[in-house]
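Student: entry10.cif is reproduced below (mmCIF, C-alpha atoms and all ligand atoms).
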data_entry
#
loop_
_atom_site.label_atom_id
_atom_site.label_comp_id
_atom_site.auth_asym_id
_atom_site.auth_seq_id
_atom_site.Cartn_x
_atom_site.Cartn_y
_atom_site.Cartn_z
CA MET A 29 -18.67 40.23 -0.07
CA MET A 30 -16.82 37.53 1.84
CA ARG A 31 -16.93 33.77 1.31
CA VAL A 32 -15.61 31.09 3.62
CA GLY A 33 -14.37 27.68 2.53
CA HIS A 34 -13.51 24.54 4.45
CA GLY A 35 -11.21 21.69 3.47
CA PHE A 36 -10.30 18.39 5.06
CA ASP A 37 -7.88 15.65 4.10
CA ALA A 38 -6.38 12.56 5.67
CA HIS A 39 -3.76 10.10 4.49
CA ARG A 40 -2.34 6.90 5.89
CA LEU A 41 1.22 6.92 7.30
CA VAL A 42 3.35 4.11 5.89
CA LYS A 43 7.00 3.08 5.70
CA GLY A 44 8.89 3.81 2.48
CA ARG A 45 7.21 7.12 1.63
CA ARG A 46 8.31 10.75 2.01
CA LEU A 47 6.42 12.89 4.49
CA VAL A 48 5.55 16.05 2.57
CA LEU A 49 3.39 18.73 4.18
CA GLY A 50 2.89 22.12 2.61
CA GLY A 51 5.62 21.29 0.11
CA VAL A 52 8.16 20.73 2.90
CA ASP A 53 9.95 17.39 3.30
CA VAL A 54 9.67 16.51 6.98
CA PRO A 55 12.26 13.99 8.21
CA CYS A 56 10.33 10.92 9.39
CA GLU A 57 10.70 7.14 9.11
CA ARG A 58 7.21 7.00 7.59
CA GLY A 59 5.39 9.11 5.03
CA LEU A 60 1.91 9.65 3.67
CA LEU A 61 0.47 7.11 1.25
CA GLY A 62 -1.25 8.42 -1.84
CA HIS A 63 -1.35 8.60 -5.62
CA SER A 64 0.28 12.03 -5.64
CA ASP A 65 2.89 13.09 -3.09
CA ALA A 66 -0.02 12.81 -0.60
CA ASP A 67 0.59 16.31 0.76
CA ALA A 68 -2.49 16.47 2.98
CA LEU A 69 -1.93 20.14 3.84
CA ALA A 70 -1.88 21.13 0.17
CA HIS A 71 -4.96 19.00 -0.47
CA ALA A 72 -7.01 20.44 2.41
CA LEU A 73 -6.08 23.99 1.43
CA SER A 74 -7.00 23.28 -2.20
CA ASP A 75 -10.42 21.98 -1.18
CA ALA A 76 -10.97 25.00 1.09
CA LEU A 77 -10.15 27.37 -1.78
CA LEU A 78 -12.40 25.58 -4.25
CA GLY A 79 -15.11 25.23 -1.63
CA ALA A 80 -15.15 28.94 -0.84
CA ALA A 81 -15.70 29.68 -4.53
CA ALA A 82 -18.21 26.80 -4.91
CA LEU A 83 -15.98 25.38 -7.65
CA GLY A 84 -16.13 21.72 -6.64
CA ASP A 85 -13.18 19.86 -5.20
CA LEU A 86 -9.61 18.77 -5.81
CA GLY A 87 -10.51 15.16 -6.56
CA GLY A 88 -12.78 16.29 -9.38
CA ARG A 89 -9.94 18.23 -11.04
CA PHE A 90 -7.00 15.93 -10.42
CA PRO A 91 -8.49 12.44 -9.95
CA ASP A 92 -6.26 9.77 -8.41
CA SER A 93 -7.36 7.43 -11.23
CA ASP A 94 -5.45 9.65 -13.71
CA ALA A 95 -1.80 8.65 -14.32
CA ARG A 96 -0.92 12.31 -14.97
CA TRP A 97 -1.19 13.03 -11.25
CA LYS A 98 0.88 10.04 -10.07
CA ASP A 99 3.52 11.40 -7.68
CA ALA A 100 2.32 14.90 -8.54
CA ASP A 101 3.71 17.85 -6.60
CA SER A 102 0.55 18.88 -4.77
CA MET A 103 1.82 22.44 -4.35
CA THR A 104 1.47 22.91 -8.11
CA LEU A 105 -2.13 21.66 -7.79
CA LEU A 106 -2.70 24.13 -4.95
CA ALA A 107 -1.30 26.96 -7.07
CA ALA A 108 -3.62 25.93 -9.92
CA CYS A 109 -6.62 26.07 -7.56
CA ALA A 110 -5.60 29.57 -6.44
CA ARG A 111 -5.37 30.72 -10.06
CA GLU A 112 -8.82 29.26 -10.77
CA VAL A 113 -10.36 30.98 -7.75
CA ARG A 114 -8.83 34.32 -8.78
CA ALA A 115 -9.98 33.83 -12.36
CA ALA A 116 -13.52 33.43 -10.98
CA GLY A 117 -13.24 36.94 -9.53
CA PHE A 118 -12.15 36.31 -5.95
CA THR A 119 -9.31 37.66 -3.83
CA ILE A 120 -7.79 35.33 -1.23
CA ALA A 121 -7.83 37.13 2.13
CA ASN A 122 -6.23 34.49 4.37
CA VAL A 123 -5.88 30.77 4.98
CA ASP A 124 -5.58 28.83 8.22
CA ALA A 125 -4.85 25.13 8.65
CA THR A 126 -4.49 22.64 11.49
CA ILE A 127 -2.46 19.46 10.99
CA VAL A 128 -3.48 16.68 13.38
CA LEU A 129 -0.74 14.17 14.14
CA GLU A 130 0.99 12.64 17.12
CA ARG A 131 4.52 12.79 15.73
CA PRO A 132 6.93 13.94 14.42
CA LYS A 133 6.85 17.37 16.02
CA LEU A 134 6.18 19.91 13.27
CA ALA A 135 7.16 23.11 15.11
CA PRO A 136 10.63 23.26 13.43
CA HIS A 137 8.97 23.06 9.98
CA VAL A 138 5.96 25.36 10.34
CA ALA A 139 7.77 28.51 9.16
CA ALA A 140 8.94 26.74 5.99
CA MET A 141 5.42 25.41 5.35
CA ARG A 142 3.92 28.88 5.72
CA ALA A 143 6.49 30.30 3.32
CA ARG A 144 5.87 27.57 0.71
CA VAL A 145 2.09 27.92 0.96
CA ALA A 146 2.33 31.72 0.74
CA GLN A 147 4.49 31.33 -2.38
CA ALA A 148 2.04 28.87 -4.00
CA LEU A 149 -0.91 31.15 -3.26
CA THR A 150 1.02 34.38 -3.99
CA LEU A 151 0.00 35.68 -0.57
CA ASP A 152 1.90 37.52 2.12
CA VAL A 153 3.16 35.01 4.69
CA GLY A 154 1.17 36.98 7.28
CA ALA A 155 -2.01 35.77 5.57
CA VAL A 156 -1.00 32.10 5.94
CA SER A 157 -1.34 30.20 9.20
CA VAL A 158 -0.30 26.58 9.79
CA LYS A 159 -0.71 24.91 13.17
CA ALA A 160 -0.09 21.40 14.48
CA LYS A 161 -2.06 19.58 17.17
CA THR A 162 -2.04 16.10 18.60
CA SER A 163 -5.27 14.24 19.28
CA GLU A 164 -3.92 13.06 22.64
CA GLY A 165 -3.48 9.49 21.50
CA MET A 166 -7.07 9.06 20.36
CA GLY A 167 -8.18 7.68 17.01
CA TYR A 168 -6.21 7.21 13.77
CA THR A 169 -4.17 10.35 14.21
CA GLY A 170 -3.45 9.50 17.82
CA ASP A 171 -2.24 5.95 17.17
CA GLY A 172 -0.05 7.10 14.27
CA SER A 173 -2.09 5.39 11.53
CA GLY A 174 -2.45 8.65 9.65
CA ILE A 175 -2.38 12.41 9.52
CA ALA A 176 -5.44 14.65 9.12
CA VAL A 177 -5.58 18.30 8.08
CA HIS A 178 -8.38 20.83 8.49
CA ALA A 179 -8.25 24.12 6.60
CA VAL A 180 -10.33 27.25 6.16
CA VAL A 181 -10.00 30.01 3.59
CA LEU A 182 -11.59 33.44 3.38
CA LEU A 183 -12.25 34.91 -0.06
CA GLU A 184 -13.39 38.40 -0.95
CA THR A 185 -15.02 39.41 -4.18
CA ALA A 186 -12.46 41.42 -6.10
MG MG A 201 -5.38 13.93 -0.23
#
So that I can check it, write out the structure of this file as structure tokens.
Tutor:
Amino acid sequence: MMRVGHGFDAHRLVKGRRLVLGGVDVPCERGLLGHSDADALAHALSDALLGAAALGDLGGRFPDSDARWKDADSMTLLAACAREVRAAGFTIANVDATIVLERPKLAPHVAAMRARVAQALTLDVGAVSVKAKTSEGMGYTGDGSGIAVHAVVLLETA
């Protein structure tokens, strides 16, 4: 049997923060604001994984009110979600994500993001897709206020 999961995340772009997406530091004069490292790609993928298994969400596991997760490496949280999904009897077939932002251009970093995500999920890199899109200047992603990420995951029962 197959199960699909969807995840979404958005964070505000501010000065004085690192821009971390999929565990990759992207050179940028602004970064994502959040309690953890604010890695919106890791967060959306985590929610997609948990959603596919009907195991709740990332915020329920690692609440931003908990000091333990301050400046947390979100890729370790993503890896923990993958372990939980597998422990519940599922195999991860593939993941696909779209990062919505106007700039910086992510094309030079996509291969590294795919490799880091594949490593965190212990998947072949061929099962991990990361894409970047602009929103053509519209809305909070278009005016540079923030970055949004959409993700889907397909699980199979082991
Ligand atoms: Mg988040």
Student: Can you build me a table of chain A residues sitting at most 6 Å from ligand MG 201 (chain A), with the closest atom pair per residue and its distance in Å to one decimal, using all atoms listed in the file, sorted by chain and residue number, as a tab-separated table?
Tutor:
residue	atom	partner	partner_atom	distance
A:Asp37	CA	A:MG201	MG	5.3
A:Ala66	CA	A:MG201	MG	5.5
A:Ala68	CA	A:MG201	MG	5.0
A:His71	CA	A:MG201	MG	5.1
Student: What is the CA of His178 in chain A-CA of Phe118 in chain A distance in Å, reported with one decimal?
Tutor: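 Answer for the CA of His178 in chain A to CA of Phe118 in chain A separation: 21.5 Å.
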Student: In terms of the shortest atom-to-atom distance over only C-alpha atoms, which of A:Asp152, A:Asp99, A:Asp92, A:Asp171 is closest to Val128 in chain A?
Tutor: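 That would be A:Asp171, the residue with the smallest distance to Val128 in chain A.
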Student: Using all atoms listed in the file, which of A:Ala38, A:Ala72, A:Ala146, A:Ala82 sits nearest Leu183 in chain A?
Tutor: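 When distances to Leu183 in chain A are compared using all atoms listed in the file, the smallest one comes from A:Ala82.
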Student: Counting all atoms listed in the file, select every polymer residue within 12 Å of (8.7, 20.0, 2.1) as defined in the file's coordinates, and provide the selection as a CSV table (one decimal) with C-alpha atoms, in the frame of the given file.
Tutor:
chain,number,residue,atom,x,y,z
A,46,ARG,CA,8.3,10.8,2.0
A,47,LEU,CA,6.4,12.9,4.5
A,48,VAL,CA,5.6,16.0,2.6
A,49,LEU,CA,3.4,18.7,4.2
A,50,GLY,CA,2.9,22.1,2.6
A,51,GLY,CA,5.6,21.3,0.1
A,52,VAL,CA,8.2,20.7,2.9
A,53,ASP,CA,10.0,17.4,3.3
A,54,VAL,CA,9.7,16.5,7.0
A,55,PRO,CA,12.3,14.0,8.2
A,56,CYS,CA,10.3,10.9,9.4
A,59,GLY,CA,5.4,9.1,5.0
A,65,ASP,CA,2.9,13.1,-3.1
A,66,ALA,CA,0.0,12.8,-0.6
A,67,ASP,CA,0.6,16.3,0.8
A,68,ALA,CA,-2.5,16.5,3.0
A,69,LEU,CA,-1.9,20.1,3.8
A,70,ALA,CA,-1.9,21.1,0.2
A,101,ASP,CA,3.7,17.8,-6.6
A,102,SER,CA,0.6,18.9,-4.8
A,103,MET,CA,1.8,22.4,-4.4
A,134,LEU,CA,6.2,19.9,13.3
A,136,PRO,CA,10.6,23.3,13.4
A,137,HIS,CA,9.0,23.1,10.0
A,138,VAL,CA,6.0,25.4,10.3
A,139,ALA,CA,7.8,28.5,9.2
A,140,ALA,CA,8.9,26.7,6.0
A,141,MET,CA,5.4,25.4,5.4
A,142,ARG,CA,3.9,28.9,5.7
A,143,ALA,CA,6.5,30.3,3.3
A,144,ARG,CA,5.9,27.6,0.7
A,145,VAL,CA,2.1,27.9,1.0
Student: With all atoms listed in the file as the basis for distance, which of A:Ala135, A:Ala80, A:Val123, A:Leu61 is at the shortest distance from Lys98 in chain A?
Tutor: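 The closest residue to Lys98 in chain A is A:Leu61.
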Student: Using only C-alpha atoms, can you tell me which of A:Gln147, A:Asn122, A:Ser163, A:Ser64 comes closest to Leu182 in chain A?
Tutor: A:Asn122
Student: Enter the distance from CA of Gly84 in chain A to CA of Ile120 in chain A, in Å, rounded to one decimal.
Tutor: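 Answer for the CA of Gly84 in chain A to CA of Ile120 in chain A separation: 16.9 Å.
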Student: Between A:Ala95, A:Leu73, A:Ala176, A:Cys109, which has the minimum distance to Val156 in chain A (counting all atoms listed in the file)?
Tutor: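 Smallest distance to Val156 in chain A is found for A:Leu73.
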